[in-house]
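As stored in structure.tsv (TSV, C-alpha atoms):
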```tsv
chain	number	residue	atom	x	y	z
V	1	MET	CA	-4.03	-3.98	-7.40
V	2	SER	CA	-4.17	-6.92	-5.08
V	3	THR	CA	-2.63	-6.93	-1.74
V	4	PRO	CA	-1.21	-9.80	0.24
V	5	ALA	CA	-3.19	-11.51	2.96
V	6	SER	CA	-1.24	-14.15	4.82
V	7	GLY	CA	0.46	-14.84	8.15
V	8	ARG	CA	2.85	-16.89	10.21
V	9	LEU	CA	1.51	-19.58	12.48
V	10	SER	CA	2.15	-19.68	16.19
V	11	ALA	CA	4.43	-22.34	17.64
V	12	VAL	CA	2.19	-22.77	20.70
V	13	SER	CA	0.57	-26.20	20.82
V	14	GLU	CA	-3.18	-26.29	20.37
V	15	SER	CA	-3.66	-28.26	23.56
V	16	SER	CA	-2.18	-25.45	25.66
V	17	ARG	CA	-3.86	-22.58	23.82
V	18	PRO	CA	-7.02	-21.16	25.43
V	19	SER	CA	-10.30	-21.16	23.53
V	20	ILE	CA	-10.66	-18.53	20.83
V	21	ALA	CA	-13.51	-17.02	22.85
V	22	ALA	CA	-11.12	-16.28	25.71
V	23	ARG	CA	-8.37	-15.00	23.44
V	24	ALA	CA	-10.62	-12.83	21.27
V	25	ALA	CA	-12.27	-11.16	24.27
V	26	ALA	CA	-15.03	-9.95	21.96
V	27	PRO	CA	-17.28	-7.10	23.13
V	28	ARG	CA	-21.03	-7.68	23.14
V	29	ALA	CA	-21.66	-4.35	21.43
V	30	LEU	CA	-19.55	-2.53	18.88
V	31	PRO	CA	-18.23	0.98	19.63
V	32	VAL	CA	-19.98	3.00	16.91
V	33	PRO	CA	-17.90	6.08	16.05
V	34	THR	CA	-19.10	9.47	17.23
V	35	ALA	CA	-16.17	11.67	16.15
V	36	GLY	CA	-16.76	14.13	13.34
V	37	GLY	CA	-20.54	14.13	13.64
V	38	LEU	CA	-20.94	11.63	10.77
V	39	THR	CA	-23.99	9.42	10.30
V	40	TRP	CA	-23.07	5.73	10.16
V	41	ARG	CA	-24.67	2.82	8.35
V	42	THR	CA	-23.66	-0.43	6.65
V	43	TRP	CA	-22.80	-0.88	2.97
V	44	THR	CA	-25.23	-1.87	0.21
V	45	ARG	CA	-24.58	-2.95	-3.36
V	46	GLN	CA	-25.98	0.37	-4.52
V	47	ASP	CA	-23.10	2.08	-2.68
V	48	VAL	CA	-20.39	0.60	-4.92
V	49	PRO	CA	-19.83	3.67	-7.16
V	50	ALA	CA	-19.75	6.05	-4.18
V	51	LEU	CA	-17.53	3.70	-2.16
V	52	ALA	CA	-15.10	3.44	-5.09
V	53	GLN	CA	-14.97	7.23	-5.27
V	54	LEU	CA	-14.31	7.47	-1.53
V	55	LEU	CA	-11.59	4.81	-1.58
V	56	ARG	CA	-9.88	6.48	-4.51
V	57	ALA	CA	-9.86	9.81	-2.69
V	58	VAL	CA	-8.43	8.16	0.44
V	59	GLU	CA	-5.79	6.28	-1.54
V	60	GLN	CA	-4.79	9.39	-3.49
V	61	ALA	CA	-4.39	11.31	-0.24
V	62	ASP	CA	-2.16	8.47	1.00
V	63	GLY	CA	0.16	8.90	-1.98
V	64	ARG	CA	-0.74	5.74	-3.88
V	65	ASP	CA	-0.65	5.41	-7.63
V	66	TRP	CA	-2.87	2.31	-7.67
V	67	PHE	CA	-6.49	2.19	-6.57
V	68	THR	CA	-9.32	-0.10	-5.54
V	69	SER	CA	-11.64	-0.48	-8.52
V	70	PRO	CA	-15.47	-0.52	-8.41
V	71	GLU	CA	-15.30	-4.11	-9.65
V	72	GLU	CA	-13.19	-5.18	-6.68
V	73	ILE	CA	-15.65	-3.61	-4.25
V	74	ALA	CA	-18.64	-5.14	-6.04
V	75	GLU	CA	-17.19	-8.65	-5.97
V	76	SER	CA	-16.70	-8.42	-2.21
V	77	PHE	CA	-20.47	-8.73	-1.86
V	78	ASP	CA	-20.24	-12.18	-3.47
V	79	ALA	CA	-17.23	-13.41	-1.49
V	80	PRO	CA	-17.66	-16.74	0.35
V	81	VAL	CA	-17.67	-14.99	3.74
V	82	PHE	CA	-19.27	-11.53	3.64
V	83	ASP	CA	-22.02	-9.98	5.71
V	84	ALA	CA	-22.40	-6.30	4.92
V	85	ALA	CA	-24.81	-5.77	7.79
V	86	ALA	CA	-22.32	-7.09	10.34
V	87	ASP	CA	-18.91	-6.38	8.85
V	88	THR	CA	-19.08	-2.97	7.16
V	89	LEU	CA	-19.56	0.67	8.07
V	90	VAL	CA	-19.65	3.93	6.12
V	91	GLY	CA	-19.88	7.46	7.51
V	92	LEU	CA	-21.85	10.19	5.75
V	93	ASP	CA	-21.64	13.94	6.27
V	94	ALA	CA	-24.60	16.32	6.53
V	95	ASP	CA	-24.88	16.42	2.72
V	96	GLY	CA	-24.94	12.63	2.44
V	97	ALA	CA	-21.42	12.36	1.01
V	98	MET	CA	-19.33	9.38	2.12
V	99	ARG	CA	-16.38	10.51	4.21
V	100	ALA	CA	-15.11	7.37	6.00
V	101	TYR	CA	-15.41	3.60	5.77
V	102	ALA	CA	-14.47	0.37	7.52
V	103	TRP	CA	-14.68	-3.33	6.73
V	104	ALA	CA	-13.73	-6.37	8.81
V	105	GLU	CA	-12.90	-8.92	6.12
V	106	ARG	CA	-13.44	-12.51	7.22
V	107	PHE	CA	-12.06	-15.62	5.50
V	108	PRO	CA	-13.26	-19.21	5.09
V	109	THR	CA	-12.25	-21.58	7.87
V	110	ASP	CA	-12.51	-24.90	5.99
V	111	GLY	CA	-9.22	-26.70	6.53
V	112	ALA	CA	-7.77	-23.65	8.27
V	113	SER	CA	-4.75	-23.72	10.56
V	114	LEU	CA	-5.08	-20.00	11.32
V	115	LEU	CA	-8.17	-17.92	12.05
V	116	ARG	CA	-7.90	-14.46	10.55
V	117	VAL	CA	-9.72	-11.20	9.96
V	118	THR	CA	-8.29	-8.25	8.04
V	119	VAL	CA	-9.46	-4.76	8.96
V	120	HIS	CA	-9.77	-2.15	6.20
V	121	GLY	CA	-10.67	1.49	6.60
V	122	GLY	CA	-9.96	5.08	5.74
V	123	VAL	CA	-10.99	8.70	6.17
V	124	HIS	CA	-11.34	11.32	3.44
V	125	ALA	CA	-8.53	13.90	3.54
V	126	SER	CA	-11.04	16.68	4.25
V	127	ARG	CA	-12.07	15.00	7.53
V	128	ARG	CA	-8.76	13.83	8.93
V	129	GLY	CA	-7.54	15.03	12.29
V	130	GLU	CA	-10.98	14.76	13.92
V	131	GLY	CA	-10.46	11.40	15.63
V	132	ILE	CA	-12.59	9.49	13.12
V	133	GLY	CA	-9.78	7.09	12.15
V	134	THR	CA	-9.07	6.17	15.76
V	135	GLU	CA	-12.70	5.27	16.36
V	136	LEU	CA	-12.99	3.41	13.05
V	137	LEU	CA	-10.00	1.25	13.95
V	138	ALA	CA	-11.55	0.53	17.34
V	139	TRP	CA	-14.79	-0.51	15.63
V	140	GLY	CA	-12.98	-2.71	13.10
V	141	THR	CA	-10.86	-4.39	15.75
V	142	ALA	CA	-13.89	-5.05	17.92
V	143	ARG	CA	-15.81	-6.50	14.99
V	144	ALA	CA	-12.81	-8.70	14.15
V	145	ARG	CA	-12.78	-10.00	17.71
V	146	GLN	CA	-16.47	-10.83	17.45
V	147	ALA	CA	-15.95	-12.66	14.16
V	148	LEU	CA	-13.06	-14.71	15.55
V	149	ALA	CA	-14.98	-15.55	18.72
V	150	ALA	CA	-17.76	-17.01	16.55
V	151	SER	CA	-15.51	-20.04	15.97
V	152	ALA	CA	-15.70	-20.93	19.67
V	153	GLY	CA	-17.07	-24.38	20.31
V	154	ASP	CA	-15.97	-25.85	16.99
V	155	PRO	CA	-13.44	-28.55	17.96
V	156	LEU	CA	-11.51	-28.03	14.71
V	157	LEU	CA	-11.19	-24.27	15.22
V	158	ASP	CA	-11.49	-23.46	18.90
V	159	HIS	CA	-7.78	-23.69	19.73
V	160	LEU	CA	-6.23	-22.52	16.47
V	161	PRO	CA	-4.00	-19.43	16.48
V	162	ALA	CA	-5.73	-16.27	15.32
V	163	ARG	CA	-4.75	-12.96	13.81
V	164	ILE	CA	-6.30	-9.53	13.26
V	165	SER	CA	-4.32	-7.76	10.54
V	166	VAL	CA	-4.11	-4.43	8.76
V	167	HIS	CA	-2.21	-3.85	5.53
V	168	THR	CA	-0.26	-0.62	5.04
V	169	ASP	CA	1.71	0.70	2.09
V	170	ASP	CA	5.04	2.46	2.33
V	171	THR	CA	3.40	5.61	0.98
V	172	ASP	CA	0.85	5.72	3.79
V	173	PRO	CA	1.26	8.63	6.21
V	174	ALA	CA	3.29	8.02	9.36
V	175	GLU	CA	0.21	8.89	11.41
V	176	ARG	CA	-1.43	5.68	10.23
V	177	ARG	CA	1.38	3.52	11.57
V	178	ALA	CA	1.27	5.42	14.85
V	179	LEU	CA	-2.49	4.87	14.99
V	180	LEU	CA	-2.04	1.13	14.48
V	181	ARG	CA	0.55	0.85	17.23
V	182	ALA	CA	-1.69	2.80	19.58
V	183	GLY	CA	-4.45	0.32	18.73
V	184	GLY	CA	-2.29	-2.66	19.72
V	185	PHE	CA	-1.01	-3.63	16.26
V	186	GLU	CA	2.64	-4.38	15.55
V	187	PRO	CA	4.47	-4.87	12.22
V	188	ILE	CA	4.88	-8.55	11.51
V	189	ARG	CA	5.68	-9.03	7.80
V	190	TYR	CA	7.07	-7.04	4.90
V	191	PHE	CA	6.30	-7.26	1.19
V	192	ALA	CA	7.81	-5.74	-1.94
V	193	ASN	CA	6.14	-4.74	-5.20
V	194	LEU	CA	8.46	-5.63	-8.08
V	195	VAL	CA	8.45	-4.46	-11.70
V	196	ARG	CA	10.29	-5.69	-14.76
V	197	ASP	CA	10.82	-3.56	-17.87
V	198	LEU	CA	9.68	-5.66	-20.83
V	199	SER	CA	11.70	-3.61	-23.31
V	200	ALA	CA	14.76	-5.45	-22.01
V	201	PRO	CA	15.34	-8.93	-23.48
V	202	VAL	CA	13.33	-11.68	-21.81
V	203	PRO	CA	14.95	-15.12	-21.69
V	204	ALA	CA	13.14	-18.19	-22.90
V	205	VAL	CA	13.13	-20.93	-20.27
V	206	GLY	CA	11.96	-24.29	-21.53
V	207	LEU	CA	10.70	-27.41	-19.77
V	208	GLU	CA	11.93	-30.95	-20.25
V	209	PRO	CA	9.38	-33.74	-20.82
V	210	PRO	CA	7.25	-35.00	-19.21
V	211	LEU	CA	6.60	-31.43	-18.03
V	212	ARG	CA	4.42	-29.38	-20.35
V	213	LEU	CA	3.09	-25.82	-20.23
V	214	LEU	CA	-0.62	-25.44	-21.04
V	215	PRO	CA	-3.00	-22.49	-21.27
V	216	TRP	CA	-5.38	-21.89	-18.39
V	217	SER	CA	-8.71	-23.67	-18.79
V	218	ASP	CA	-11.92	-24.24	-16.86
V	219	ALA	CA	-11.23	-27.98	-16.88
V	220	LEU	CA	-8.00	-27.46	-14.91
V	221	GLU	CA	-9.30	-24.90	-12.40
V	222	ASP	CA	-9.50	-27.23	-9.41
V	223	ALA	CA	-6.36	-29.13	-10.36
V	224	ALA	CA	-4.59	-25.74	-10.32
V	225	ARG	CA	-6.19	-24.94	-6.97
V	226	LEU	CA	-4.82	-28.10	-5.37
V	227	ALA	CA	-1.39	-27.37	-6.84
V	228	ARG	CA	-1.61	-23.90	-5.30
V	229	ASN	CA	-2.57	-25.33	-1.92
V	230	ASP	CA	0.43	-27.65	-1.96
V	231	ALA	CA	2.81	-24.95	-3.22
V	232	PHE	CA	1.84	-22.48	-0.51
V	233	ARG	CA	1.50	-24.90	2.39
V	234	GLU	CA	4.57	-23.62	4.22
V	235	HIS	CA	4.18	-19.98	3.19
V	236	TRP	CA	3.60	-17.39	5.88
V	237	GLY	CA	0.07	-18.12	7.08
V	238	SER	CA	-1.26	-19.18	3.70
V	239	GLN	CA	-4.50	-21.08	4.09
V	240	PRO	CA	-5.98	-23.71	1.76
V	241	ARG	CA	-8.38	-22.47	-0.89
V	242	THR	CA	-11.74	-24.15	-1.22
V	243	ALA	CA	-13.40	-24.46	-4.62
V	244	GLU	CA	-15.62	-21.51	-3.72
V	245	SER	CA	-12.92	-19.21	-2.36
V	246	TRP	CA	-10.63	-20.09	-5.29
V	247	ARG	CA	-13.13	-18.62	-7.74
V	248	ALA	CA	-13.82	-15.47	-5.74
V	249	HIS	CA	-12.21	-12.08	-6.42
V	250	ARG	CA	-11.71	-12.65	-10.15
V	251	SER	CA	-12.75	-9.23	-11.50
V	252	HIS	CA	-9.28	-8.53	-12.93
V	253	PHE	CA	-8.28	-12.11	-13.79
V	254	VAL	CA	-6.92	-12.62	-17.33
V	255	PRO	CA	-7.14	-16.26	-18.52
V	256	GLU	CA	-5.13	-15.43	-21.67
V	257	TRP	CA	-2.16	-14.42	-19.50
V	258	SER	CA	-2.49	-17.44	-17.20
V	259	PHE	CA	-0.92	-20.89	-17.55
V	260	VAL	CA	-0.26	-24.20	-15.84
V	261	VAL	CA	2.46	-26.82	-16.04
V	262	VAL	CA	1.41	-30.47	-15.97
V	263	ASP	CA	3.38	-33.67	-15.51
V	264	GLU	CA	2.26	-35.91	-18.37
V	265	SER	CA	3.86	-38.99	-16.81
V	266	VAL	CA	1.42	-39.00	-13.89
V	267	GLU	CA	-1.91	-40.81	-14.12
V	268	TYR	CA	-3.73	-38.64	-11.63
V	269	GLU	CA	-6.12	-40.54	-9.40
V	270	GLY	CA	-8.18	-37.44	-8.59
V	271	SER	CA	-8.30	-35.05	-5.68
V	272	GLU	CA	-9.86	-37.55	-3.29
V	273	SER	CA	-6.57	-39.46	-3.23
V	274	GLU	CA	-4.60	-36.28	-2.60
V	275	GLN	CA	-6.87	-34.38	-0.24
V	276	PRO	CA	-9.50	-36.63	1.39
V	277	GLY	CA	-12.97	-35.20	1.10
V	278	ASP	CA	-12.19	-33.09	-1.98
V	279	VAL	CA	-13.78	-34.69	-5.06
V	280	THR	CA	-13.60	-31.66	-7.37
V	281	VAL	CA	-10.85	-33.15	-9.57
V	282	ALA	CA	-11.82	-36.28	-11.43
V	283	PRO	CA	-9.42	-39.21	-12.01
V	284	GLY	CA	-7.57	-38.80	-15.28
V	285	THR	CA	-7.36	-35.02	-15.05
V	286	PRO	CA	-3.89	-33.74	-16.00
V	287	TYR	CA	-1.70	-33.41	-12.92
V	288	VAL	CA	-0.97	-29.71	-12.45
V	289	VAL	CA	2.40	-29.10	-10.80
V	290	GLY	CA	2.81	-25.36	-11.38
V	291	LEU	CA	0.61	-22.37	-12.11
V	292	HIS	CA	0.75	-18.72	-13.10
V	293	ARG	CA	-2.41	-16.66	-12.63
V	294	ALA	CA	-2.36	-13.13	-14.05
V	295	GLU	CA	-4.40	-9.98	-13.56
V	296	ARG	CA	-4.93	-6.74	-15.44
V	297	TYR	CA	-5.38	-3.44	-13.56
V	298	GLU	CA	-6.00	-1.14	-16.48
V	299	HIS	CA	-7.56	1.54	-14.29
V	300	ASP	CA	-4.12	2.09	-12.66
V	301	TRP	CA	-2.08	2.53	-15.82
V	302	GLU	CA	-2.55	6.28	-16.20
V	303	SER	CA	-1.61	7.05	-12.60
V	304	GLN	CA	1.31	4.60	-12.65
V	305	GLY	CA	2.59	5.90	-15.96
V	306	TYR	CA	2.95	2.49	-17.61
V	307	THR	CA	0.95	-0.55	-18.73
V	308	ALA	CA	1.56	-3.84	-16.95
V	309	GLY	CA	0.68	-7.47	-16.66
V	310	TYR	CA	0.37	-8.43	-13.00
V	311	THR	CA	1.32	-11.87	-11.70
V	312	GLY	CA	-1.23	-12.43	-8.97
V	313	LEU	CA	-0.16	-15.99	-8.21
V	314	LEU	CA	2.87	-18.11	-9.06
V	315	GLY	CA	3.37	-21.49	-7.44
V	316	VAL	CA	5.07	-24.86	-7.86
V	317	ARG	CA	4.30	-28.06	-5.99
V	318	ARG	CA	6.94	-28.73	-3.37
V	319	ALA	CA	8.04	-32.04	-4.92
V	320	TYR	CA	8.66	-30.32	-8.27
V	321	ARG	CA	10.84	-27.42	-7.15
V	322	GLY	CA	14.28	-27.08	-8.69
V	323	ARG	CA	13.06	-27.97	-12.20
V	324	ARG	CA	12.79	-24.37	-13.49
V	325	ILE	CA	9.00	-24.52	-13.57
V	326	ALA	CA	8.51	-21.11	-11.95
V	327	ALA	CA	11.05	-19.52	-14.30
V	328	ALA	CA	9.39	-21.11	-17.33
V	329	LEU	CA	5.95	-19.89	-16.29
V	330	LEU	CA	7.10	-16.38	-15.45
V	331	THR	CA	9.20	-15.83	-18.57
V	332	HIS	CA	6.43	-17.23	-20.77
V	333	ALA	CA	4.01	-14.80	-19.14
V	334	MET	CA	6.42	-11.92	-19.75
V	335	HIS	CA	6.60	-12.78	-23.45
V	336	VAL	CA	2.80	-12.88	-23.61
V	337	TYR	CA	2.51	-9.55	-21.75
V	338	ALA	CA	4.94	-7.93	-24.20
V	339	ALA	CA	3.11	-9.37	-27.20
V	340	ASP	CA	-0.06	-7.74	-25.84
V	341	GLY	CA	1.68	-4.36	-25.68
V	342	MET	CA	2.44	-4.30	-21.96
V	343	GLN	CA	5.44	-2.22	-20.92
V	344	TYR	CA	6.13	-3.92	-17.58
V	345	ALA	CA	5.59	-7.15	-15.69
V	346	GLU	CA	4.65	-6.68	-12.05
V	347	LEU	CA	4.17	-8.79	-8.91
V	348	ASP	CA	4.30	-8.72	-5.11
V	349	VAL	CA	6.56	-10.92	-3.00
V	350	ASP	CA	6.99	-11.71	0.67
V	351	ALA	CA	10.42	-10.42	1.66
V	352	ASP	CA	11.00	-13.67	3.59
V	353	ASN	CA	9.49	-16.03	1.03
V	354	PRO	CA	10.79	-19.50	1.98
V	355	THR	CA	11.15	-20.77	-1.62
V	356	GLY	CA	13.85	-18.33	-2.70
V	357	ALA	CA	11.44	-16.51	-5.00
V	358	PRO	CA	13.03	-13.06	-4.46
V	359	ALA	CA	16.33	-14.38	-5.85
V	360	LEU	CA	14.54	-15.80	-8.90
V	361	TYR	CA	12.82	-12.49	-9.58
V	362	ALA	CA	16.12	-10.63	-9.26
V	363	ARG	CA	17.79	-12.96	-11.77
V	364	LEU	CA	14.94	-12.31	-14.20
V	365	GLY	CA	15.37	-8.55	-13.96
V	366	TYR	CA	12.68	-7.53	-11.47
V	367	THR	CA	13.41	-4.52	-9.25
V	368	LYS	CA	11.54	-3.10	-6.27
V	369	SER	CA	9.20	-0.18	-6.92
V	370	ASP	CA	7.60	0.12	-3.48
V	371	GLY	CA	6.62	-1.98	-0.48
V	372	SER	CA	4.07	-2.73	2.18
V	373	THR	CA	3.79	-3.97	5.75
V	374	VAL	CA	1.29	-6.17	7.55
V	375	TYR	CA	0.50	-5.08	11.11
V	376	SER	CA	-1.25	-7.53	13.38
V	377	ILE	CA	-2.65	-8.46	16.75
V	378	GLU	CA	-1.76	-12.08	17.47
V	379	LEU	CA	-4.27	-14.09	19.51
```

The structure in this file should be written as structure tokens.
Amino acid sequence: MSTPASGRLSAVSESSRPSIAARAAAPRALPVPTAGGLTWRTWTRQDVPALAQLLRAVEQADGRDWFTSPEEIAESFDAPVFDAAADTLVGLDADGAMRAYAWAERFPTDGASLLRVTVHGGVHASRRGEGIGTELLAWGTARARQALAASAGDPLLDHLPARISVHTDDTDPAERRALLRAGGFEPIRYFANLVRDLSAPVPAVGLEPPLRLLPWSDALEDAARLARNDAFREHWGSQPRTAESWRAHRSHFVPEWSFVVVDESVEYEGSESEQPGDVTVAPGTPYVVGLHRAERYEHDWESQGYTAGYTGLLGVRRAYRGRRIAAALLTHAMHVYAADGMQYAELDVDADNPTGAPALYARLGYTKSDGSTVYSIEL
């Protein structure tokens, strides 16, 4: 299942903010872990099955009922910003079995208003309590500082706010939260995972012309991306998606469960008129004003105890809010999920979402199943 990756921007003016090099205070050398007597190296593509097995063991020990799939790990190697040799680490025991891992996930900076790196990591239950996690977090934080400092000197990036973040689930052991606080991280944002029983009646919410709901298509990919960028512009730390980053991390994407809403009264002049420098959307392309992008995490169904369609992304252009577009997309998706035999609809939401989305989900019958917290170091 996907997890949120966003953040709130600092109110400090760029002119008064020191260079990212000064704020990141990056070490020249990374503190390679020594605890536990493990042998450390970076990831390779050939490691994907073993890494997936390790992550599942870690996540099971943490009490989760959803897991990182091999496909999700594999697609990380093809992400727009990924350098296994610099950003990853895995620890092996004397028998060569993987027992701990870390990854400093970097993100594209094109059009960014926030520099960010997310640190991932975990230790197998059989090796906890040896200090490995403490040293892994130190390594990941140090690598994140190095990655952020690499933006120094770029006049568009040098004085932007920056964040190092770690995502935790409510089921994670209390020791993890204590470890994060000891490492300088503080809780900054809270999210809720919501589910909706599809055996209960689902309302039908229609759209009035000139709005029209259409199936997802390759021809509308970038038009949907620009609609997403506009819809999420004021969301907590959301950054614009480039054409490349928009198409990354699609291993569980389901086009048949995904839809857009277009305004047929608009003669769209193309993305260059909307976002200078972006020529991915040709003039005459339907003007996408809302989108629903769905995912299928079939590998989690047995552990969760139900089948589900997952709404990975739901957004409406700011000028089109209040016209029931989100409700129409979401209810249509729920009908499609149910027709495909799904028992539940599922999604994640920022507890402080500025669009009023939590209230919409409540009206449509969604209830909270669990939650998560983002911890961060603000720079």

V:Asp172 surroundings by all atoms listed in the file, 10 Å radius, close-in-sequence under 3 positions cut, as a ChimeraX atom specification: /V:59-64,168-169,175-177,372

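Ranking V:Ala35, V:Leu89, V:Met334, V:Leu156 by their shortest atom-to-atom distance to V:Ala200, with all atoms listed in the file included, puts V:Met334 first.
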
Residue neighbourhood stretch 262-268 of chain V, 6 Å, all atoms listed in the file, exclusion window fewer than 4 positions, as a VMD selection string: chain V and resid 210 to 212 283 to 284 287 to 289

Atom CA of V:Arg228 to atom CA of V:Gly365, straight-line distance in Å: 24.5 Å

Separation of atom CA of V:Ala138 from atom CA of V:Asp348, in Å and rounded to one decimal: 29.0 Å

All residues 12 Å or closer to V:Ala79, all atoms listed in the file, same chain fewer than 4 positions away omitted, as a PyMOL selection string: chain V and resi 72-75+83-84+105-108+244-251

Contacts of stretch 109-121 of chain V at 8 Å (only C-alpha atoms; same-chain gap of 2+ positions) as a PyMOL selection string: chain V and resi 5+9+100-107+123+133+136-137+140-141+144+147-148+157+160-167+237+239-240+242

Closest of V:Leu30, V:Val279, V:Val58, V:Ile377 to V:Ala182 - atom-to-atom distances counting all atoms listed in the file: V:Ile377

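When all atoms listed in the file are used to compute distances to V:Arg296, the closest of the residues V:Phe253, V:Tyr337, V:Tyr366, V:Tyr361 turns out to be V:Phe253.
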
Atom pair atom CA of V:His335 / atom CA of V:Leu198: separation (Å): 8.2 Å

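Shortest atom-to-atom contact with V:Leu180 among V:Pro155, V:Gly312, V:Glu135, V:Pro27: V:Glu135, counting all atoms listed in the file.
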
Nearest residue to V:Tyr344 from the set V:Thr367, V:Thr311, V:Asp197, V:Gly290 (distances using all atoms listed in the file): V:Asp197

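Between V:Asn229 and the candidates V:Gly315, V:Asp352, V:Val261, V:Asp300, the tightest atom-to-atom separation, counting only C-alpha atoms, involves V:Gly315.
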
Give me the residues within 9 Å of stretch 38-53 of chain V as a PDB file with C-alpha atoms, in the coordinates of the input, counting all atoms listed in the file and dropping any in the same chain fewer than 2 places off.
```pdb
ATOM      1  CA  VAL V  32     -19.980   3.000  16.910  1.00  0.00           C
ATOM      2  CA  PRO V  33     -17.900   6.080  16.050  1.00  0.00           C
ATOM      3  CA  THR V  34     -19.100   9.470  17.230  1.00  0.00           C
ATOM      4  CA  ALA V  35     -16.170  11.670  16.150  1.00  0.00           C
ATOM      5  CA  GLY V  36     -16.760  14.130  13.340  1.00  0.00           C
ATOM      6  CA  LEU V  55     -11.590   4.810  -1.580  1.00  0.00           C
ATOM      7  CA  ARG V  56      -9.880   6.480  -4.510  1.00  0.00           C
ATOM      8  CA  ALA V  57      -9.860   9.810  -2.690  1.00  0.00           C
ATOM      9  CA  VAL V  58      -8.430   8.160   0.440  1.00  0.00           C
ATOM     10  CA  PHE V  67      -6.490   2.190  -6.570  1.00  0.00           C
ATOM     11  CA  THR V  68      -9.320  -0.100  -5.540  1.00  0.00           C
ATOM     12  CA  SER V  69     -11.640  -0.480  -8.520  1.00  0.00           C
ATOM     13  CA  PRO V  70     -15.470  -0.520  -8.410  1.00  0.00           C
ATOM     14  CA  GLU V  71     -15.300  -4.110  -9.650  1.00  0.00           C
ATOM     15  CA  GLU V  72     -13.190  -5.180  -6.680  1.00  0.00           C
ATOM     16  CA  ILE V  73     -15.650  -3.610  -4.250  1.00  0.00           C
ATOM     17  CA  ALA V  74     -18.640  -5.140  -6.040  1.00  0.00           C
ATOM     18  CA  PHE V  77     -20.470  -8.730  -1.860  1.00  0.00           C
ATOM     19  CA  ALA V  84     -22.400  -6.300   4.920  1.00  0.00           C
ATOM     20  CA  ALA V  85     -24.810  -5.770   7.790  1.00  0.00           C
ATOM     21  CA  ALA V  86     -22.320  -7.090  10.340  1.00  0.00           C
ATOM     22  CA  ASP V  87     -18.910  -6.380   8.850  1.00  0.00           C
ATOM     23  CA  THR V  88     -19.080  -2.970   7.160  1.00  0.00           C
ATOM     24  CA  LEU V  89     -19.560   0.670   8.070  1.00  0.00           C
ATOM     25  CA  VAL V  90     -19.650   3.930   6.120  1.00  0.00           C
ATOM     26  CA  GLY V  91     -19.880   7.460   7.510  1.00  0.00           C
ATOM     27  CA  LEU V  92     -21.850  10.190   5.750  1.00  0.00           C
ATOM     28  CA  ASP V  93     -21.640  13.940   6.270  1.00  0.00           C
ATOM     29  CA  ALA V  94     -24.600  16.320   6.530  1.00  0.00           C
ATOM     30  CA  GLY V  96     -24.940  12.630   2.440  1.00  0.00           C
ATOM     31  CA  ALA V  97     -21.420  12.360   1.010  1.00  0.00           C
ATOM     32  CA  MET V  98     -19.330   9.380   2.120  1.00  0.00           C
ATOM     33  CA  ARG V  99     -16.380  10.510   4.210  1.00  0.00           C
ATOM     34  CA  ALA V 100     -15.110   7.370   6.000  1.00  0.00           C
ATOM     35  CA  TYR V 101     -15.410   3.600   5.770  1.00  0.00           C
ATOM     36  CA  ILE V 132     -12.590   9.490  13.120  1.00  0.00           C
TER      37      ILE V 132
END
```
